[in-house]
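Peer 1: Got a structure for you, questions after.
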Amino acid sequence: MLIVLAIHLVAAVAAPWIVGRVGRRAFLGLALVPATALAWAAYVTPQVLAGEALEASVSWVPALGMNLDFRLDALSLVMTLLVSGVGALVLVACAAYFPRRAGGLGRFAGIFLIFAGAMLGLVQSDNTLVLYVFWELTTICSYLLVGHYHERQTARRAAQQSLVVTGTGGLAMLGGFILLGEMEGGSYRLSELVDSAAHGGLSGSTPVLLVALALVLAGALSKSALVPFHFWLPAAMAAPTPVSAYLHAAAMVKAGVYLVARLAPGFASEETTATLWKALVLGLGLLTLLVGGYRALRQHDLKLVLAFGTVSQLGLLVVLLGHGDRGVALAGLTLLVAHALFKASLFLLVAVVDWSTGTRDLRRLSGLGRRLPVAAVTAALAVASMVGLPPLIGYVAKEAALVQLLELATVADLVTLVAIAVGSALTLAYGLRVWWGAFAVKQAGGGRSLPATVVQRRSRLLMAPPVVLALTGLALGTAPAPLEALLDPYTATYPGAPGHLSLWEGWGWPVAITATIVASGAALFAWRGRRARLRESVAPGGFDGAYRFSLRTLEQLASGVTARTQRGSLPFYLSVVLVTLVVAMVGAGVSGGFAAGDWAVRAWDSLPQALVAVVVAGTAILVVRARRRLKAVLLLGVVGYGVALIFALHGAPDLALTQVLVETATLVVFVLVLRRLPAYFSNRPLASSRWWRAALGVAVGLTVVVIGILATGARIHEPVSVDFPDEAYYYGYGQNVVNVTLVDIRAWDTLGELSVLLAAATGVASLLFLRARVGRVDRARDVPRSSGQAVGDVAFPIRHGLLLTAGAQGMPEGSGRDQTWLPAAGSIEPQRRSVIFEIGTRVVFHTLVVFSVFLLVSGHNAPGGGFAAGLVAGIALIVRYLAGGRHELGEAVPLHPGYLLGAGLFLSAGVGAVPLVFGGTVLQSAIVHFTLPVFGEVHLATAMIFDIGVYLVVLGVILDILRSLGSEVDRHGELEGYQAPDVAYDDPDPVAEDAVSAPVESAGGAVGGEPA
C-alpha cells in the first residue's frame, strides 16, 4: 500500500518534466501509474475475498495517536479498483483531449496524480486523523483542477466555491473525529471506532456523541454535495471535462459516500445515534435525489445535465449505503460501482462531443448519432445503466434495492421506496434528455429538421475509454455473481438478511414498479415542451444564492472591522500588541496570585557582563533619541552586537556567533531600505505622546523581566534540557548540543522556522517585484558595451562589455584572462566605486565562502551549523553586491533564489521522511561509517543533510532579500532617477538635535551603485 502511494508521489513530481519533454502523449505513460495500483488491487483481491484484511502501519506522531495506519478490506478494495481504473482511463483520454500546445499540462498532470494518490490514501486509511489529511489533500487538488483554466473568472470562482464549502465541511469533520477519538470507548482507528459503535462501546456523553456524529456527517455530506451543499458540484463543471469525469465518477464526491458506507455498520443502527443518523443521511439523501433530478431537467449544457444528475444519484447512494440494512447496502455498493462506470463514460462522451463539434449545448446539436455511431451506441449503454434498464449493472442495483425495501416493508422503508421511484422517473427523463440532446435529430419547427452538426475531427483514442467503461457495465450486468462475491464480505458487517444480485428476480412488485418508473420517465421526457414552461414558474430558490449572500455579509463585516482597527499606523498596531501583553500578564498575576518559588536574582557573574549591559542600555536610549535614520540603525546594531557579547560572556559561542551574523545581515538590510527613505525621521510627536510611549516601554520591559523571573523560579519539574547533552551525543551523534538540538532533537521546530523564513522572503519580494520573478538574472553581460570607461583618472578598455583591469591589458581575446574578477563593477558610476573595497572583496569573498562550508561541516561537533554557515555565505554575497552592484550579484550566484529556497526546504523535509521507509520515525537521525583515502574513518550523521537544507534556505533568503531590496530597488532607481529627500517634510531646524548637517551619506562609498 505504501509503495503504491509512493509511486503516485514520485510520478507526480516527475510529471511536469515528462509532459514538458514529451507533450500530451505523456499522459499515456502516466496512465500506467494508476494502472499499477489497479494491478496490485487485482492481485490482492483473492486474499481480501478470503476475509483477510491487509494492514500496514508506520509510526508518525504517536503522542497524538497519528500513525500512518492503512487497511484494505472489501470496501477499500472496491474503491481502490474504481479510483485507479477510472483514473487510468481518464489519463488515456487526456492524451487526445487537450490541444498539442496547451499550456499548463505538466502542472495538470502532476496535480491529477496527486489527486489520484490522495484518493487511494483516503479510502485505505484506518486512522481518522490521517484520513483527514488525505481528505483535505483531495480538496486542494480539486480546487487546483477545477481552476485549471485560471484565466477564466468562472473557473476561479467555481474553484474557490468548492474549496470553501468542502474545506469548511472537512474542518467540521476533523472536530467530530477528535471528539469521537477522545470520548470513552472511542478511538482514532477507524475500524475500531466503527466496531465499538456497533457493539455499544461508545459510552461517553450522549450529547457529545451526537454532536461529534453530526460534525462528521457534515463533512461527508458537504463532500458528496448533498442538499444544502449541492450547489458547488455543478459549478465545478468549469474544470476540463476529463477532470469532471474523474471528479464525479471515482474521486472527491465519492469520498463522502465512502465515509457514510464506512460508518454505517456502526452508527446507523446504534440506539443512541440511529435517529440522528437517519434524519441526516436518509432525509437529506432523499431530498437531494429529488432536487438534483428536477434541476437536471432544467439544463441545456450536457455537462450540467450530468452534473445535476450526479447530485441526484449521490443522494440515492447515500440513502442506500446509509440505510443500515445488509441487503440494501449490497444494492448501494452495486450502484456505487455502476455509477462510476456509467458516469465516467457519459462525461468522457460529452468530452468527445465537445471536442468533435465545439459545443455542448443540446439545443445546437443535431444528427450526431449518424456521424458518431460508436459514441451514440456507447452513450445508449451508459444511459441505460444510469436509468436502470436491463441488462446493465445499474438495473441490477436498482432492482436489488426495490426487492430489499419491499421485504422490509416498514413505513419508513415504503416512504423511501416511493421517493426512490419518483427520483428514478426523473433520472430516466433526464437520461433520455442527455442521449436525445447529444445524438438525436432536432426539429426546428414547421416539420423541418435542424441542420446536422458538423463533426470537425475524430479520435479513436478519445473514444476508447468510454467504450471500455460502458462495456464493463454491460458485462457486470449480465453476470453479476463475481461482483456480489466481491461486495458480500463488507456488506456482512451490516445487520439484517443478506441480499442478492440477479438480472431477473421473477414477476412481482419490483417489475411493476420498474414498469411504472419507465412509463412515468418517458412521459415526463415526452412532455418536455410544457415542462419547460412549468419549470420557469416553479423554479426553487437556490442555496447558491444563500452562499453568495453569506460571503458578501462576511466580507462587509470584515471590511467594517478592518476599517476600525487597521488605521495604517504601525505605532498604533504595536501599542495594541504591547498593551495586550502587559494587561494579560498583570491580570493573570493579580487573579491567580504570584506563585512562591526560588526568586533569587543574581545581578551578574562577572564585571564585564555588567559593563556590557550598561553600554547596551545606554545605546538603546540613544537609539530612541536619534534624529537621523542611519544613526538610529547603526546604534541599534551596537545594541545587537552587545547582546552577542553577553552571550559570549555567558559561555554560549553558538548563540554569540549567530547573533553577530544576524546583526550584520540585518544592518545591511536596514541600510538598503534607507536608500528609499528620507534621511531624517519626521517631526517628533507631541510631548504627551512621547510620555505615553516611554511609559509603555518601561511597563513592557518590567513585565518581561518579571515574567522571566517568575517563570524560572516557579519551575517544579526538572527541565527536559538537562537530558539534551546525552541525547545529542547518543541519538544525534554530535557533541554540539545547540546544533544537534536544531537538526535532530527539535528538528520539527526548525522545519517550521524554515517555512516561515521562506514565507518572509516571498513576502518581502512580493512588495517590490512588479514584474514576474521568473525572468533572467541580471548578469555582467547585461552591462551596456562601450569603448572605454573612466575609473578615477585612468581609462580602461572594455571587451565584450566587461571592464578590464590594468594587469589584463594587452591580453589576447579568448585567453581566459581578459575578464576582471568583479566583471560587473563597471556598471557603477566611476565616482561611486571604491578600489579599496573591491580589492578587499576579492580577498575576503572566497575566504567567507570556505569558512561557511567549514561551519556547515563542523557544526555538528563544534560551534557553527547550517544556520550560521548560511549567514556567513550570505554575508559574502552582500560584500560582493556592495562592491559590484546588482549585476555583480547575478555573476556571483546566477540562480533565482527560489531554486535555493525550494531545494533547501525539500532537502530538509525529504531527509526527514526517509526514515519512514526503514521503519523509523520522522526526522530520526542515523550515522553512516565509511573510510576515505586521505581522511581515514568518517562518521557522517544523516542530520548533516538536514543541516545542508537549512544552509540553502538561509542563503536563499539572503539572496532573495538582496535581489528584492538591493537589485530591484536599484533597477527602480535607474528607471525613476529617484533620490531620497533629506527630510520627510519641512523641518525648521534639522540640526537642533544632532548638531550635524543633513547630506545623504553613503555607507562604504557605495551600496549597490546607489547612495545610502
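Identifiers in the C-alpha cells: chain A, B, ... in order shown; residue index from 1 per chain; ligand index from 1 in order shown.
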With a distance cut-off of 10 Å and only C-alpha atoms, select the neighbouring residues of A:His230, excluding the residue or stretch itself and same-chain residues fewer than 3 positions from it, and output the selection as a PDB file with N, CA and C atoms, in the first residue's frame.

Peer 2:
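Result saved to part-v6.pdb:
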ATOM      1  N   VAL A 165     -16.627  25.412   0.524  1.00  0.00           N
ATOM      2  CA  VAL A 165     -17.691  24.531   1.012  1.00  0.00           C
ATOM      3  C   VAL A 165     -17.111  23.223   1.553  1.00  0.00           C
ATOM      4  N   LEU A 221     -21.327  14.875   3.964  1.00  0.00           N
ATOM      5  CA  LEU A 221     -22.407  15.340   3.098  1.00  0.00           C
ATOM      6  C   LEU A 221     -21.981  16.540   2.266  1.00  0.00           C
ATOM      7  N   SER A 222     -21.133  17.407   2.813  1.00  0.00           N
ATOM      8  CA  SER A 222     -20.650  18.531   2.009  1.00  0.00           C
ATOM      9  C   SER A 222     -19.721  18.040   0.905  1.00  0.00           C
ATOM     10  N   LYS A 223     -18.937  17.030   1.187  1.00  0.00           N
ATOM     11  CA  LYS A 223     -18.032  16.476   0.178  1.00  0.00           C
ATOM     12  C   LYS A 223     -18.813  15.830  -0.959  1.00  0.00           C
ATOM     13  N   SER A 224     -19.911  15.152  -0.622  1.00  0.00           N
ATOM     14  CA  SER A 224     -20.720  14.474  -1.628  1.00  0.00           C
ATOM     15  C   SER A 224     -21.835  15.339  -2.169  1.00  0.00           C
ATOM     16  N   ALA A 225     -21.812  16.641  -1.871  1.00  0.00           N
ATOM     17  CA  ALA A 225     -22.709  17.623  -2.494  1.00  0.00           C
ATOM     18  C   ALA A 225     -24.179  17.319  -2.251  1.00  0.00           C
ATOM     19  N   LEU A 226     -24.529  16.935  -1.031  1.00  0.00           N
ATOM     20  CA  LEU A 226     -25.932  16.773  -0.696  1.00  0.00           C
ATOM     21  C   LEU A 226     -26.521  18.113  -0.278  1.00  0.00           C
ATOM     22  N   VAL A 227     -27.836  18.242  -0.441  1.00  0.00           N
ATOM     23  CA  VAL A 227     -28.527  19.460  -0.003  1.00  0.00           C
ATOM     24  C   VAL A 227     -28.234  19.676   1.474  1.00  0.00           C
ATOM     25  N   LEU A 233     -21.107  21.522  -6.749  1.00  0.00           N
ATOM     26  CA  LEU A 233     -20.705  20.494  -7.707  1.00  0.00           C
ATOM     27  C   LEU A 233     -21.019  20.886  -9.154  1.00  0.00           C
ATOM     28  N   PRO A 234     -22.233  21.360  -9.486  1.00  0.00           N
ATOM     29  CA  PRO A 234     -22.447  21.811 -10.865  1.00  0.00           C
ATOM     30  C   PRO A 234     -21.543  22.964 -11.260  1.00  0.00           C
ATOM     31  N   ALA A 235     -21.247  23.852 -10.311  1.00  0.00           N
ATOM     32  CA  ALA A 235     -20.339  24.961 -10.631  1.00  0.00           C
ATOM     33  C   ALA A 235     -18.954  24.457 -10.983  1.00  0.00           C
ATOM     34  N   THR A 288     -32.049  15.311  -1.735  1.00  0.00           N
ATOM     35  CA  THR A 288     -31.061  15.553  -2.793  1.00  0.00           C
ATOM     36  C   THR A 288     -31.406  14.774  -4.043  1.00  0.00           C
ATOM     37  N   VAL A 291     -34.289  16.857  -5.687  1.00  0.00           N
ATOM     38  CA  VAL A 291     -33.864  18.191  -6.124  1.00  0.00           C
ATOM     39  C   VAL A 291     -32.891  18.088  -7.299  1.00  0.00           C
ATOM     40  N   GLY A 292     -31.917  17.185  -7.195  1.00  0.00           N
ATOM     41  CA  GLY A 292     -30.959  17.036  -8.282  1.00  0.00           C
ATOM     42  C   GLY A 292     -31.610  16.568  -9.569  1.00  0.00           C
ATOM     43  N   PHE A 308     -26.009  17.772 -12.410  1.00  0.00           N
ATOM     44  CA  PHE A 308     -27.155  17.694 -11.503  1.00  0.00           C
ATOM     45  C   PHE A 308     -27.642  16.259 -11.370  1.00  0.00           C
ATOM     46  N   THR A 310     -25.587  13.777 -11.234  1.00  0.00           N
ATOM     47  CA  THR A 310     -24.686  13.239 -10.216  1.00  0.00           C
ATOM     48  C   THR A 310     -25.157  13.615  -8.822  1.00  0.00           C
ATOM     49  N   VAL A 311     -25.576  14.872  -8.650  1.00  0.00           N
ATOM     50  CA  VAL A 311     -26.108  15.299  -7.355  1.00  0.00           C
ATOM     51  C   VAL A 311     -27.260  14.390  -6.941  1.00  0.00           C
ATOM     52  N   SER A 312     -28.174  14.127  -7.880  1.00  0.00           N
ATOM     53  CA  SER A 312     -29.325  13.276  -7.578  1.00  0.00           C
ATOM     54  C   SER A 312     -28.895  11.874  -7.177  1.00  0.00           C
ATOM     55  N   LEU A 314     -25.966  10.843  -6.107  1.00  0.00           N
ATOM     56  CA  LEU A 314     -25.232  10.827  -4.850  1.00  0.00           C
ATOM     57  C   LEU A 314     -26.205  10.740  -3.670  1.00  0.00           C
ATOM     58  N   GLY A 315     -27.331  11.440  -3.789  1.00  0.00           N
ATOM     59  CA  GLY A 315     -28.350  11.318  -2.749  1.00  0.00           C
ATOM     60  C   GLY A 315     -28.852   9.894  -2.629  1.00  0.00           C
ATOM     61  N   GLY A 542     -32.328  28.984  -4.808  1.00  0.00           N
ATOM     62  CA  GLY A 542     -31.066  28.256  -4.789  1.00  0.00           C
ATOM     63  C   GLY A 542     -30.287  28.493  -3.513  1.00  0.00           C
ATOM     64  N   PHE A 543     -29.657  27.429  -3.044  1.00  0.00           N
ATOM     65  CA  PHE A 543     -28.765  27.558  -1.893  1.00  0.00           C
ATOM     66  C   PHE A 543     -27.490  28.296  -2.272  1.00  0.00           C
ATOM     67  N   ASP A 544     -27.180  28.304  -3.590  1.00  0.00           N
ATOM     68  CA  ASP A 544     -26.006  29.056  -4.007  1.00  0.00           C
ATOM     69  C   ASP A 544     -26.188  30.542  -3.759  1.00  0.00           C
TER      70      ASP A 544
END

Peer 1: Do a neighbour search on A:Thr658 at 10 Å with only C-alpha atoms, toss out local chain neighbours closer than 6 positions, and write the hits as a PyMOL selection string.

Peer 2: chain A and resi 644+664+863-865+867-869+871-872

Peer 1: Go ahead and write the residues just picked, C-alpha atoms, as a compact mmCIF listing (two decimals), in the first residue's frame.

Peer 2:
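Produced file out_23.txt, reproduced below:
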# COMPACT_ATOMS: atom_id res chain seq x y z
CA ALA A 644 26.09 38.89 21.26
CA THR A 664 25.42 42.10 10.37
CA PRO A 863 30.27 25.98 17.05
CA GLY A 864 28.61 26.54 13.70
CA GLY A 865 25.88 24.70 11.81
CA PHE A 867 22.10 28.47 10.01
CA ALA A 868 25.36 30.23 10.90
CA ALA A 869 27.05 28.89 7.78
CA LEU A 871 24.54 33.59 7.19
CA VAL A 872 28.30 33.68 6.52

Peer 1: Could you give me, as a ChimeraX atom specification, the residues within 9 Å of stretch 207-212 of chain A, counting only C-alpha atoms and dropping anything in the same chain fewer than 5 positions from it?

Peer 2: /A:172-173,175-180,183,202,217,272-273,276

Peer 1: With only C-alpha atoms as the counted atoms, please give the residues lying no more than 9 Å from A:Cys94, apart from itself and same-chain residues fewer than 2 positions off, as JSON, numbers by chain.

Peer 2: {"A": [24, 25, 27, 28, 89, 90, 91, 92, 96, 97, 98, 242, 462]}

Peer 1: Taking into account only C-alpha atoms, which residue in the set A:Tyr490, A:Phe670, A:Trp504, A:Tyr680 is nearest to A:Leu75?

Peer 2: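 Looking only at the distances to A:Leu75, the closest residue turns out to be A:Tyr490.
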
Peer 1: I'd like to know which of A:Gly866, A:Gly701, A:Gly324, A:Gly508 is closest to A:Val281, using only C-alpha atoms.

Peer 2: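 Smallest distance to A:Val281 is found for A:Gly324.
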
Peer 1: Considering only helix (DSSP H, G or I) as DSSP defines it on the backbone, what residues of stretch 159-295 of chain A qualify? List them as number ranges by chain.

Peer 2: A: 159-182, 190-198, 206-223, 232-238, 241-249, 253-267, 274-295

Peer 1: Pick out the residues sitting within 9 Å of A:Gly637, and hand them over as a PyMOL selection string; count only C-alpha atoms, and ignore anything fewer than 2 positions along from it in its own chain.

Peer 2: chain A and resi 632-635+639-642+663-664+666-667

Peer 1: Please produce a file of the residues just selected, as a CSV table (one decimal), in the first residue's frame, where the atoms kept are C-alpha atoms.

Peer 2:
chain,number,residue,atom,x,y,z
A,632,ALA,CA,19.4,55.0,14.7
A,633,VAL,CA,20.2,51.9,12.6
A,634,LEU,CA,23.9,52.0,13.5
A,635,LEU,CA,23.2,52.4,17.2
A,639,VAL,CA,22.8,47.0,20.8
A,640,GLY,CA,22.7,43.7,18.9
A,641,TYR,CA,26.5,43.3,19.0
A,642,GLY,CA,26.4,44.0,22.7
A,663,GLU,CA,23.0,41.6,13.3
A,664,THR,CA,25.4,42.1,10.4
A,666,THR,CA,20.1,42.9,9.4
A,667,LEU,CA,22.3,46.1,9.4

Peer 1: Within 7 Å of stretch 51-54 of chain A, counting only C-alpha atoms, which residues show up once you throw out same-chain ones fewer than 2 positions away? Write them as a short mmCIF file (atom, residue, chain, number, x, y, z; two decimals) with N, CA and C atoms, in the first residue's frame, please.

Peer 2:
data_model
loop_
_atom_site.label_atom_id
_atom_site.label_comp_id
_atom_site.auth_asym_id
_atom_site.auth_seq_id
_atom_site.Cartn_x
_atom_site.Cartn_y
_atom_site.Cartn_z
N GLN A 47 -7.02 -12.55 -1.57
CA GLN A 47 -6.79 -12.50 -0.14
C GLN A 47 -7.93 -11.79 0.58
N VAL A 48 -8.38 -10.66 0.00
CA VAL A 48 -9.46 -9.90 0.64
C VAL A 48 -10.76 -10.69 0.61
N LEU A 49 -11.04 -11.39 -0.50
CA LEU A 49 -12.25 -12.20 -0.58
C LEU A 49 -12.23 -13.34 0.42
N ARG A 71 -5.49 0.12 5.92
CA ARG A 71 -6.19 -1.15 5.99
C ARG A 71 -6.98 -1.35 4.70
N LEU A 72 -6.83 -2.51 4.09
CA LEU A 72 -7.52 -2.81 2.84
C LEU A 72 -8.48 -3.96 3.09
N ASP A 73 -9.77 -3.63 3.18
CA ASP A 73 -10.81 -4.65 3.27
C ASP A 73 -11.64 -4.59 2.00
N PRO A 489 -18.33 -9.61 1.43
CA PRO A 489 -17.59 -9.56 2.70
C PRO A 489 -17.80 -8.27 3.48
#

Peer 1: Counting only C-alpha atoms, what is within 9 Å of A:Thr80, bar same-chain residues fewer than 3 positions away, as a PDB file with N, CA and C atoms, in the first residue's frame?

Peer 2:
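The resulting file, result-v4.pdb, is shown below:
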ATOM      1  N   ALA A  37      -1.631   0.611  -9.583  1.00  0.00           N
ATOM      2  CA  ALA A  37      -2.479   0.418  -8.408  1.00  0.00           C
ATOM      3  C   ALA A  37      -3.627  -0.536  -8.714  1.00  0.00           C
ATOM      4  N   LEU A  38      -4.174  -0.458  -9.924  1.00  0.00           N
ATOM      5  CA  LEU A  38      -5.244  -1.381 -10.327  1.00  0.00           C
ATOM      6  C   LEU A  38      -4.738  -2.813 -10.364  1.00  0.00           C
ATOM      7  N   ALA A  41      -4.261  -4.062  -6.822  1.00  0.00           N
ATOM      8  CA  ALA A  41      -5.552  -4.360  -6.178  1.00  0.00           C
ATOM      9  C   ALA A  41      -6.127  -5.668  -6.711  1.00  0.00           C
ATOM     10  N   LEU A  72      -6.825  -2.507   4.087  1.00  0.00           N
ATOM     11  CA  LEU A  72      -7.519  -2.810   2.840  1.00  0.00           C
ATOM     12  C   LEU A  72      -8.480  -3.958   3.089  1.00  0.00           C
ATOM     13  N   LEU A  75     -14.484  -3.069   1.194  1.00  0.00           N
ATOM     14  CA  LEU A  75     -14.926  -1.733   0.781  1.00  0.00           C
ATOM     15  C   LEU A  75     -13.751  -0.927   0.222  1.00  0.00           C
ATOM     16  N   SER A  76     -12.614  -0.937   0.911  1.00  0.00           N
ATOM     17  CA  SER A  76     -11.444  -0.212   0.419  1.00  0.00           C
ATOM     18  C   SER A  76     -10.968  -0.781  -0.915  1.00  0.00           C
ATOM     19  N   LEU A  77     -11.076  -2.101  -1.073  1.00  0.00           N
ATOM     20  CA  LEU A  77     -10.656  -2.725  -2.326  1.00  0.00           C
ATOM     21  C   LEU A  77     -11.523  -2.258  -3.486  1.00  0.00           C
ATOM     22  N   VAL A  83     -11.071   3.922  -8.173  1.00  0.00           N
ATOM     23  CA  VAL A  83     -10.213   5.106  -8.246  1.00  0.00           C
ATOM     24  C   VAL A  83      -9.087   4.897  -9.251  1.00  0.00           C
ATOM     25  N   SER A  84      -8.434   3.747  -9.198  1.00  0.00           N
ATOM     26  CA  SER A  84      -7.290   3.506 -10.082  1.00  0.00           C
ATOM     27  C   SER A  84      -7.733   3.187 -11.507  1.00  0.00           C
ATOM     28  N   GLY A  85      -8.790   2.372 -11.659  1.00  0.00           N
ATOM     29  CA  GLY A  85      -9.237   2.009 -13.005  1.00  0.00           C
ATOM     30  C   GLY A  85      -9.767   3.193 -13.779  1.00  0.00           C
ATOM     31  N   MET A 119      -6.773  10.102  -3.137  1.00  0.00           N
ATOM     32  CA  MET A 119      -7.989   9.292  -3.022  1.00  0.00           C
ATOM     33  C   MET A 119      -7.658   7.871  -2.583  1.00  0.00           C
ATOM     34  N   LEU A 120      -6.576   7.314  -3.095  1.00  0.00           N
ATOM     35  CA  LEU A 120      -6.167   5.977  -2.643  1.00  0.00           C
ATOM     36  C   LEU A 120      -5.828   6.000  -1.156  1.00  0.00           C
ATOM     37  N   VAL A 123      -9.169   6.199   0.962  1.00  0.00           N
ATOM     38  CA  VAL A 123     -10.018   5.008   1.087  1.00  0.00           C
ATOM     39  C   VAL A 123      -9.295   3.859   1.785  1.00  0.00           C
ATOM     40  N   GLN A 124      -7.970   3.967   1.924  1.00  0.00           N
ATOM     41  CA  GLN A 124      -7.226   2.909   2.604  1.00  0.00           C
ATOM     42  C   GLN A 124      -6.795   3.297   4.010  1.00  0.00           C
TER      43      GLN A 124
END

Peer 1: Among the residues of stretch 286-497 of chain A, find those DSSP assigns to strand (DSSP E or B) from the backbone and print them as a list in words.

Peer 2: Asp301, Asp361, Gln443, Ala444, Gly445, Arg448 and Ser449 of chain A

Peer 1: For the residues selected in the previous step, produce a file with C-alpha atoms as a short mmCIF file (atom, residue, chain, number, x, y, z; two decimals), in the first residue's frame.

Peer 2:
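Output (selection.cif):
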data_model
loop_
_atom_site.label_atom_id
_atom_site.label_comp_id
_atom_site.auth_asym_id
_atom_site.auth_seq_id
_atom_site.Cartn_x
_atom_site.Cartn_y
_atom_site.Cartn_z
CA ASP A 301 -25.46 22.17 -21.24
CA ASP A 361 -25.40 22.94 -25.96
CA GLN A 443 -36.87 19.69 -35.14
CA ALA A 444 -36.67 23.40 -35.98
CA GLY A 445 -40.42 23.87 -36.33
CA ARG A 448 -38.21 20.88 -40.66
CA SER A 449 -35.14 19.35 -39.05
#

Peer 1: Kindly give the distance, in Å, that separates atom CA of A:Leu402 and atom CA of A:Thr416, rounded to a single decimal.

Peer 2: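 Taking atom CA of A:Leu402 and atom CA of A:Thr416, their separation equals 9.9 Å.
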
Peer 1: Go through A:Val576, A:Met79, A:Ala523, A:Leu551 one by one, measure the shortest atom-to-atom distance of each to A:Leu487 using only C-alpha atoms, and give the residue with the smallest value.

Peer 2: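 For A:Leu487, the nearest of the given residues is A:Met79.
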
Peer 1: Rounded to one decimal, what separation in Å do you get between atom CA of A:Val260 and atom CA of A:Ala497?

Peer 2: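 Separation of atom CA of A:Val260 and atom CA of A:Ala497: 20.1 Å.
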
Peer 1: Which residue is closest to A:Ala699? Choose from A:Ala14, A:Val257, A:Leu581, A:Leu368 and count only C-alpha atoms.

Peer 2: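 Selected residue with least distance to A:Ala699: A:Leu581.
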
Peer 1: Could you tell me how far atom CA of A:Asp354 sits from atom CA of A:Gln153, in Å to one decimal place?

Peer 2: 20.7 Å

Peer 1: Go through A:Leu767, A:Leu144, A:Ala519, A:Val957 one by one, measure the shortest atom-to-atom distance of each to A:Arg107 using only C-alpha atoms, and give the residue with the smallest value.

Peer 2: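 With only C-alpha atoms as the atom set, the closest residue is A:Leu144.
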